[in-house]
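Q: One structure follows; several queries about it will come next.
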Amino acid sequence: MLFVLSFNFKTFGQEVWTIGPMLHYNFGGEKNHFSWAIELAYWNVKNVPYSIDGGIEFNKKRIRLYSEVQTGIGVAGLSVGPVLEINKAERKAHLGYQTTFWVNYFIGVDYRYRRIDKTNFNCIGIYGKLPFATKDMKSSNGISHHDWD
């Protein structure tokens, strides 16, 4: 997936992608449970840092697809966005939203509040993110210039 994405998006300097696994403990709703996810995020760190992410989260009875807009500094941030929850046991889908607050530097912890179908969920999680730049961070056109004087 990352290989395909690297060819389909034109990127400029100061842009970074991150990808990684997440593990959450969810409480609220009918009972407490663990879920795991994989999340991909695009960060533009020039001037005001902003990002958009997308993820897919799994647990025993549900699959959640989500996307969030986010901002933050290197060690902390916040995000908000829509969630589509597919309940495999009931064969139903519900829309909702979530907001996330995190503290990290590639390995981190987060708190996520989620509201789906009039049910509130609180989630505490841990995650790891692998960053990669699609272009050279030293120039906006992807060409690095070196002065050997």
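We name chains A, B, ... following the order of the structure tokens; residues begin at 1 in each chain, and ligands are numbered from 1 as shown.
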Listing only residues of stretch 51-99 of chain A within 8 Å of stretch 116-127 of chain A, what is the closest atom pair and its distance in Å (to one decimal) for each, using only C-alpha atoms, sorted by chain and residue number ascending, as JSON lines?
A:
{"residue": "A:Val83", "atom": "CA", "partner": "A:Ile116", "partner_atom": "CA", "distance": 7.8}
{"residue": "A:Glu85", "atom": "CA", "partner": "A:Ile116", "partner_atom": "CA", "distance": 7.6}
{"residue": "A:His94", "atom": "CA", "partner": "A:Asp117", "partner_atom": "CA", "distance": 6.1}
{"residue": "A:Leu95", "atom": "CA", "partner": "A:Ile116", "partner_atom": "CA", "distance": 6.1}
{"residue": "A:Gly96", "atom": "CA", "partner": "A:Ile116", "partner_atom": "CA", "distance": 4.3}
{"residue": "A:Tyr97", "atom": "CA", "partner": "A:Ile116", "partner_atom": "CA", "distance": 6.7}
Q: Please, could you write that set of residues out with C-alpha atoms as a compact mmCIF listing (two decimals), in the first residue's frame?
A:
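The resulting result-v1.txt:
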# COMPACT_ATOMS: atom_id res chain seq x y z
CA VAL A 83 -15.94 7.03 12.24
CA GLU A 85 -18.44 1.32 12.70
CA HIS A 94 -23.27 3.24 12.35
CA LEU A 95 -21.67 6.65 11.86
CA GLY A 96 -20.07 8.61 14.64
CA TYR A 97 -17.12 10.80 15.49
Q: Taking 3 positions as the minimum chain separation for residues in the same chain, which residues sit within 7 Å of A:Leu78 when counting only C-alpha atoms? Answer as number ranges by chain.
A: A: 70-72, 100-102
Q: Can you tell me, as a PyMOL selection string, which residues in chain A count as alpha helix (DSSP H) by DSSP?
A: chain A and resi 2-8
Q: Can you pull out every residue from stretch 1-146 of chain A that DSSP, working from the backbone, puts in strand (DSSP E or B), and format the result as number ranges by chain?
A: A: 15-28, 33-44, 50-58, 62-73, 76-87, 92-105, 107-116, 119-128, 130-133
Q: Need the shell around stretch 38-50 of chain A: protein/DNA/RNA residues with any atom at most 6 Å away, counting only C-alpha atoms. Skip same-chain ones fewer than 3 positions apart. Format as a PyMOL selection string?
A: chain A and resi 14-21+53-56+70-71
